[in-house]
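Participant: The structure follows.
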Amino acid sequence: MDDRELTKEQRTQRMVYAAVVALVALGLACSMALLVDYLRPMPLFCSDTGGCAELRRSAYAHMLFGLPTPAVGVAGYGVLALLTVIPGQTSRFLQLVASMFGALVAAYFLFLQFSLSTFCAYCMTVDITSVVLLSVVLMRVRTEADGDSWRAMAGAAGVIAAAAAIPLLSHVLVKTRVPDVIAAEMKKSAPGQVTVVDFVDFECPYCRQTAVDFEPTLVKYKGKFRLVRKQTPLKMHSHAMGAARAACCAESMGRGDAMATALFTAPVDQLTDDGCTLIASGLGIQEAAFRACLADPATQQKIDADAAEFKAAQGHALPTIWINDQVIEGAQGPDKLREAMEHAIEQVGG
């Protein structure tokens, strides 16, 4: 039908329907982009610093049965997309109900971002789109707007499908870029061996918990990986630097793993030079040589080099563990660590 032959009511219906399609496509595309970033070691769409990175590491990143929160957005917009291309009163009413629920969830997440003063551009786009979509869907119900032909509905389905497919295809086609410092460590490992790079602070409570969580996996897959610890003592932890020096010295003397285990489990107030020396003596390390190593400027240079590599690896928080090309930031529990290790072993054919 020629646009000049359309009534005012029909023009309104077309405009409303086009707006619904555009908003659903936008929300689905951004939700899919967020999900892709949550599944990749390094983000593809959103920033790897600032609010985007902080929200990915927050407790709100996996709120429902351990699933990435963007998966909820993808599922919700998937339902809205289906109801967009199905004509009829029932479909329009169900879309209104779904939009009301989506707007409430979006308002909650907007409130969280403002309360935390932490913002993600893609999250904001999804949430604001959900709120706006409610008013447009309400107009769809009032005007009874649907695709006025099978071509219109097929076109709407195509636009929405493309919006979902583009981020997904990008995920498949664009390879993860592993930071150079991690790639260099991976090259040092034997063929078929997984490389684990652990940036640690022995006073950090989350690092200490992660060490406990990771231990069963390290024991189970002993011999299938090479573990490299990088010392990244934080200034906010008064005993972290002393513990880092102790770990470096013990490693140079062939007792690195045993010292790391002891430092992670020792009371924090014992991570002084004297306390670390006592731990070293218990591990069979000669005291005079150990104290000389603690005072050696080369030991501090090694720690400074490790801290520089943490920045080069785009590290933002501790603990940060690279398992081949997978990065785990924050204390994410034993299951996540085990799954990452098993995936890496499978990838290298171990």
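Just so we're on the same page: first chain in the structure tokens is A, next is B, and so on; residues restart at 1 for each chain, and ligands are numbered from 1 in the order they show up.
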Just the residues within 10 Å of range 208-222 of chain A, please, counting only C-alpha atoms, with nothing from its chain fewer than 2 positions along; format it as a ChimeraX atom specification.

Facilitator: /A:198,200-206,224-227,260-261,263-266,318-321,330-339,341-342,345,350

Participant: Residues of the last selection are to be written out with N, CA and C atoms, as a CSV table (one decimal), in the first residue's frame.

Facilitator:
chain,number,residue,atom,x,y,z
A,198,ASP,N,49.5,-16.4,38.7
A,198,ASP,CA,48.7,-16.0,39.9
A,198,ASP,C,49.4,-14.7,40.4
A,200,VAL,N,49.5,-12.2,43.3
A,200,VAL,CA,49.1,-12.4,44.7
A,200,VAL,C,49.5,-11.3,45.6
A,201,ASP,N,48.8,-11.2,46.7
A,201,ASP,CA,49.1,-10.3,47.9
A,201,ASP,C,48.8,-11.2,49.0
A,202,PHE,N,49.8,-11.6,49.8
A,202,PHE,CA,49.6,-12.6,50.9
A,202,PHE,C,48.8,-12.1,52.1
A,203,GLU,N,48.5,-10.8,52.1
A,203,GLU,CA,47.7,-10.3,53.2
A,203,GLU,C,46.3,-10.1,52.7
A,204,CYS,N,46.0,-10.0,51.4
A,204,CYS,CA,44.7,-9.8,50.9
A,204,CYS,C,43.8,-10.9,51.3
A,205,PRO,N,42.7,-10.6,52.0
A,205,PRO,CA,41.8,-11.7,52.4
A,205,PRO,C,41.2,-12.5,51.3
A,206,TYR,N,40.9,-11.8,50.1
A,206,TYR,CA,40.3,-12.5,49.0
A,206,TYR,C,41.4,-13.4,48.3
A,224,LYS,N,50.1,-31.3,35.4
A,224,LYS,CA,49.4,-30.8,34.1
A,224,LYS,C,49.5,-29.3,33.9
A,225,PHE,N,50.1,-28.6,34.8
A,225,PHE,CA,50.2,-27.1,34.7
A,225,PHE,C,51.6,-26.7,35.3
A,226,ARG,N,51.9,-25.4,34.9
A,226,ARG,CA,53.1,-24.7,35.5
A,226,ARG,C,52.5,-23.5,36.2
A,227,LEU,N,52.8,-23.4,37.4
A,227,LEU,CA,52.3,-22.3,38.2
A,227,LEU,C,53.3,-21.2,38.4
A,260,ALA,N,54.6,-20.2,49.9
A,260,ALA,CA,53.3,-19.6,49.6
A,260,ALA,C,52.2,-20.2,50.4
A,261,THR,N,52.2,-21.5,50.6
A,261,THR,CA,51.1,-22.1,51.4
A,261,THR,C,51.2,-21.7,52.8
A,263,LEU,N,52.6,-18.8,54.0
A,263,LEU,CA,52.2,-17.4,54.1
A,263,LEU,C,50.7,-17.2,54.0
A,264,PHE,N,50.0,-18.0,53.1
A,264,PHE,CA,48.6,-17.8,53.0
A,264,PHE,C,47.8,-18.2,54.2
A,265,THR,N,48.4,-19.2,55.0
A,265,THR,CA,47.7,-19.8,56.1
A,265,THR,C,48.2,-19.2,57.5
A,266,ALA,N,49.3,-18.5,57.5
A,266,ALA,CA,49.8,-17.9,58.7
A,266,ALA,C,48.9,-16.7,59.1
A,318,LEU,N,42.8,-7.7,42.9
A,318,LEU,CA,43.3,-9.0,43.4
A,318,LEU,C,42.2,-9.7,44.1
A,319,PRO,N,42.3,-11.1,44.0
A,319,PRO,CA,43.2,-11.8,43.2
A,319,PRO,C,42.9,-11.8,41.7
A,320,THR,N,44.0,-11.9,40.9
A,320,THR,CA,43.8,-12.1,39.4
A,320,THR,C,44.6,-13.3,39.0
A,321,ILE,N,44.0,-14.3,38.4
A,321,ILE,CA,44.6,-15.5,38.0
A,321,ILE,C,44.4,-15.8,36.6
A,330,GLY,N,39.0,-11.6,41.2
A,330,GLY,CA,38.2,-11.6,42.4
A,330,GLY,C,38.0,-13.0,42.9
A,331,ALA,N,37.5,-13.2,44.1
A,331,ALA,CA,37.3,-14.5,44.7
A,331,ALA,C,36.0,-15.1,44.1
A,332,GLN,N,36.1,-16.0,43.2
A,332,GLN,CA,34.9,-16.5,42.5
A,332,GLN,C,34.6,-17.9,42.9
A,333,GLY,N,35.3,-18.5,43.8
A,333,GLY,CA,34.9,-19.8,44.4
A,333,GLY,C,35.6,-20.9,43.7
A,334,PRO,N,35.6,-22.1,44.3
A,334,PRO,CA,36.4,-23.3,43.8
A,334,PRO,C,35.8,-23.8,42.5
A,335,ASP,N,34.5,-23.7,42.3
A,335,ASP,CA,34.0,-24.3,41.0
A,335,ASP,C,34.5,-23.6,39.8
A,336,LYS,N,34.5,-22.2,39.9
A,336,LYS,CA,35.0,-21.4,38.7
A,336,LYS,C,36.4,-21.8,38.4
A,337,LEU,N,37.3,-21.9,39.4
A,337,LEU,CA,38.7,-22.2,39.3
A,337,LEU,C,38.9,-23.6,38.7
A,338,ARG,N,38.1,-24.6,39.2
A,338,ARG,CA,38.2,-25.9,38.7
A,338,ARG,C,37.8,-26.0,37.2
A,339,GLU,N,36.6,-25.3,36.9
A,339,GLU,CA,36.1,-25.4,35.5
A,339,GLU,C,37.1,-24.7,34.5
A,341,MET,N,40.4,-24.5,34.9
A,341,MET,CA,41.5,-25.4,34.8
A,341,MET,C,41.2,-26.6,33.9
A,342,GLU,N,40.0,-27.2,34.0
A,342,GLU,CA,39.6,-28.3,33.2
A,342,GLU,C,39.5,-27.9,31.8
A,345,ILE,N,43.0,-27.5,30.3
A,345,ILE,CA,43.6,-28.8,30.1
A,345,ILE,C,43.1,-29.5,28.9
A,350,GLY,N,45.5,-32.2,27.3
A,350,GLY,CA,46.1,-32.8,28.4
A,350,GLY,C,45.2,-33.9,29.0

Participant: I'd like the contact shell of Ser135 in chain A - 12 Å cut-off, only C-alpha atoms, skipping same-chain residues fewer than 4 positions apart - returned as a VMD selection string.

Facilitator: chain A and resid 16 19 to 20 23 95 to 97 99 to 100 102 to 103 128 to 131 139 to 142

Participant: For the residues selected in the previous step, produce a file with all heavy atoms as a CSV table (one decimal), in the first residue's frame.

Facilitator:
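The result, written out as result-v6.csv:
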chain,number,residue,atom,x,y,z
A,16,VAL,N,4.5,3.2,15.6
A,16,VAL,CA,4.6,2.6,16.9
A,16,VAL,C,5.3,1.2,16.8
A,16,VAL,O,6.2,0.8,17.5
A,16,VAL,CB,3.2,2.4,17.5
A,16,VAL,CG1,3.3,1.6,18.8
A,16,VAL,CG2,2.7,3.8,17.9
A,19,ALA,N,8.9,1.5,16.2
A,19,ALA,CA,9.6,1.9,17.4
A,19,ALA,C,9.8,0.7,18.3
A,19,ALA,O,10.9,0.6,19.0
A,19,ALA,CB,8.8,3.0,18.2
A,20,VAL,N,8.8,-0.1,18.4
A,20,VAL,CA,8.9,-1.4,19.3
A,20,VAL,C,10.1,-2.2,18.7
A,20,VAL,O,10.9,-2.7,19.5
A,20,VAL,CB,7.6,-2.2,19.3
A,20,VAL,CG1,7.8,-3.5,19.9
A,20,VAL,CG2,6.5,-1.4,20.0
A,23,LEU,N,13.5,-0.6,19.5
A,23,LEU,CA,13.9,-0.7,20.9
A,23,LEU,C,14.3,-2.1,21.3
A,23,LEU,O,15.2,-2.4,22.0
A,23,LEU,CB,12.8,-0.1,21.8
A,23,LEU,CG,12.7,1.4,21.7
A,23,LEU,CD1,11.4,1.8,22.4
A,23,LEU,CD2,13.9,2.1,22.3
A,95,GLN,N,3.2,-9.0,25.8
A,95,GLN,CA,4.4,-8.1,25.7
A,95,GLN,C,4.3,-6.9,26.6
A,95,GLN,O,5.4,-6.5,27.2
A,95,GLN,CB,4.5,-7.6,24.2
A,95,GLN,CG,5.9,-6.9,24.0
A,95,GLN,CD,6.1,-6.4,22.6
A,95,GLN,OE1,5.2,-5.7,22.0
A,95,GLN,NE2,7.2,-6.7,22.0
A,96,LEU,N,3.1,-6.4,26.9
A,96,LEU,CA,3.0,-5.4,27.9
A,96,LEU,C,3.3,-5.9,29.3
A,96,LEU,O,4.0,-5.2,30.0
A,96,LEU,CB,1.5,-4.8,27.8
A,96,LEU,CG,1.2,-3.8,28.9
A,96,LEU,CD1,2.1,-2.5,28.6
A,96,LEU,CD2,-0.3,-3.4,28.8
A,97,VAL,N,2.9,-7.1,29.6
A,97,VAL,CA,3.2,-7.7,30.9
A,97,VAL,C,4.7,-7.9,31.0
A,97,VAL,O,5.3,-7.5,32.1
A,97,VAL,CB,2.4,-9.0,31.1
A,97,VAL,CG1,2.9,-9.7,32.4
A,97,VAL,CG2,0.9,-8.8,31.1
A,99,SER,N,7.0,-6.3,29.4
A,99,SER,CA,7.7,-5.0,29.5
A,99,SER,C,7.6,-4.4,30.8
A,99,SER,O,8.6,-3.7,31.3
A,99,SER,CB,7.1,-4.1,28.4
A,99,SER,OG,7.3,-4.6,27.1
A,100,MET,N,6.5,-4.6,31.5
A,100,MET,CA,6.4,-4.0,32.9
A,100,MET,C,7.4,-4.7,33.8
A,100,MET,O,8.0,-4.0,34.6
A,100,MET,CB,4.9,-4.2,33.4
A,100,MET,CG,3.9,-3.4,32.6
A,100,MET,SD,2.2,-3.9,33.1
A,100,MET,CE,2.2,-3.4,34.8
A,102,GLY,N,10.2,-6.1,32.9
A,102,GLY,CA,11.5,-5.7,32.5
A,102,GLY,C,11.8,-4.3,32.9
A,102,GLY,O,13.0,-4.0,33.3
A,103,ALA,N,10.9,-3.4,32.9
A,103,ALA,CA,11.1,-2.0,33.4
A,103,ALA,C,11.4,-2.0,34.9
A,103,ALA,O,12.2,-1.2,35.3
A,103,ALA,CB,9.9,-1.2,33.0
A,128,ILE,N,17.8,1.7,30.3
A,128,ILE,CA,17.0,2.9,29.9
A,128,ILE,C,16.1,2.4,28.7
A,128,ILE,O,14.9,2.8,28.7
A,128,ILE,CB,17.9,4.0,29.4
A,128,ILE,CG1,18.6,4.6,30.7
A,128,ILE,CG2,17.1,5.1,28.7
A,128,ILE,CD1,19.7,5.6,30.3
A,129,THR,N,16.6,1.6,27.8
A,129,THR,CA,15.8,1.1,26.7
A,129,THR,C,14.6,0.3,27.3
A,129,THR,O,13.4,0.4,26.8
A,129,THR,CB,16.6,0.1,25.8
A,129,THR,OG1,17.7,0.9,25.2
A,129,THR,CG2,15.7,-0.4,24.7
A,130,SER,N,14.8,-0.5,28.3
A,130,SER,CA,13.7,-1.3,28.9
A,130,SER,C,12.6,-0.4,29.5
A,130,SER,O,11.4,-0.7,29.4
A,130,SER,CB,14.2,-2.2,30.0
A,130,SER,OG,15.2,-3.1,29.5
A,131,VAL,N,13.0,0.7,30.1
A,131,VAL,CA,12.0,1.7,30.7
A,131,VAL,C,11.2,2.4,29.5
A,131,VAL,O,10.0,2.5,29.6
A,131,VAL,CB,12.7,2.7,31.6
A,131,VAL,CG1,11.8,3.8,32.0
A,131,VAL,CG2,13.4,2.0,32.8
A,139,MET,N,1.6,2.0,24.0
A,139,MET,CA,1.1,2.6,22.8
A,139,MET,C,0.7,1.5,21.8
A,139,MET,O,-0.3,1.6,21.1
A,139,MET,CB,2.0,3.6,22.2
A,139,MET,CG,2.3,4.8,23.0
A,139,MET,SD,3.5,5.9,22.3
A,139,MET,CE,2.7,6.4,20.8
A,140,ARG,N,1.5,0.5,21.7
A,140,ARG,CA,1.2,-0.6,20.7
A,140,ARG,C,-0.1,-1.3,21.1
A,140,ARG,O,-0.9,-1.6,20.2
A,140,ARG,CB,2.3,-1.7,20.8
A,140,ARG,CG,2.1,-2.8,19.8
A,140,ARG,CD,3.0,-4.0,19.9
A,140,ARG,NE,2.7,-5.0,19.0
A,140,ARG,CZ,3.1,-6.3,19.1
A,140,ARG,NH1,3.9,-6.7,20.1
A,140,ARG,NH2,2.7,-7.2,18.1
A,141,VAL,N,-0.3,-1.5,22.4
A,141,VAL,CA,-1.6,-2.1,22.9
A,141,VAL,C,-2.8,-1.2,22.5
A,141,VAL,O,-3.8,-1.6,22.0
A,141,VAL,CB,-1.5,-2.4,24.4
A,141,VAL,CG1,-2.9,-2.8,24.9
A,141,VAL,CG2,-0.5,-3.5,24.6
A,142,ARG,N,-2.6,0.1,22.8
A,142,ARG,CA,-3.7,1.1,22.6
A,142,ARG,C,-4.0,1.2,21.1
A,142,ARG,O,-5.2,1.4,20.7
A,142,ARG,CB,-3.3,2.4,23.2
A,142,ARG,CG,-3.3,2.4,24.7
A,142,ARG,CD,-2.9,3.8,25.2
A,142,ARG,NE,-3.0,3.9,26.7
A,142,ARG,CZ,-2.6,4.9,27.4
A,142,ARG,NH1,-2.0,6.0,26.8
A,142,ARG,NH2,-2.7,4.9,28.7

Participant: Once DSSP has gone over the backbone, tell me which residues of range 3-32 of chain A are in alpha helix (DSSP H), as a compact mmCIF listing (two decimals) with C-alpha atoms, in the first residue's frame.

Facilitator:
# COMPACT_ATOMS: atom_id res chain seq x y z
CA LYS A 8 -3.61 8.69 10.06
CA GLU A 9 -4.37 5.70 12.29
CA GLN A 10 -2.40 3.35 10.02
CA ARG A 11 0.58 5.69 9.94
CA THR A 12 0.53 5.82 13.74
CA GLN A 13 0.42 2.02 13.92
CA ARG A 14 3.42 1.73 11.60
CA MET A 15 5.41 4.25 13.60
CA VAL A 16 4.61 2.58 16.90
CA TYR A 17 5.43 -0.88 15.57
CA ALA A 18 8.71 0.36 14.08
CA ALA A 19 9.62 1.93 17.43
CA VAL A 20 8.93 -1.36 19.25
CA VAL A 21 11.12 -3.26 16.77
CA ALA A 22 13.95 -0.72 17.07
CA LEU A 23 13.94 -0.71 20.89
CA VAL A 24 13.76 -4.50 21.17
CA ALA A 25 16.63 -4.83 18.67
CA LEU A 26 18.72 -2.27 20.59
CA GLY A 27 18.09 -3.89 23.98
CA LEU A 28 18.79 -7.38 22.64
CA ALA A 29 22.00 -6.29 20.87
CA CYS A 30 23.38 -4.58 23.99
CA SER A 31 22.36 -7.48 26.25
CA MET A 32 24.08 -9.93 23.91

Participant: Between CA of Arg56 in chain A and CA of Gly76 in chain A, measure the distance and give it in Å to one decimal.

Facilitator: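 Here the two named atoms are 19.6 Å from each other.
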
Participant: Excluding range 118-123 of chain A and its own-chain neighbours fewer than 4 positions away, which residues fall within 8 Å of it when counting only C-alpha atoms? Please give them as a list of chain:residue names.

Facilitator: A:Cys30, A:Ser31, A:Ala33, A:Leu34, A:Cys46, A:Gly50, A:Gly51, A:Cys52, A:Glu54, A:Leu55, A:Gln113, A:Phe114, A:Asp127
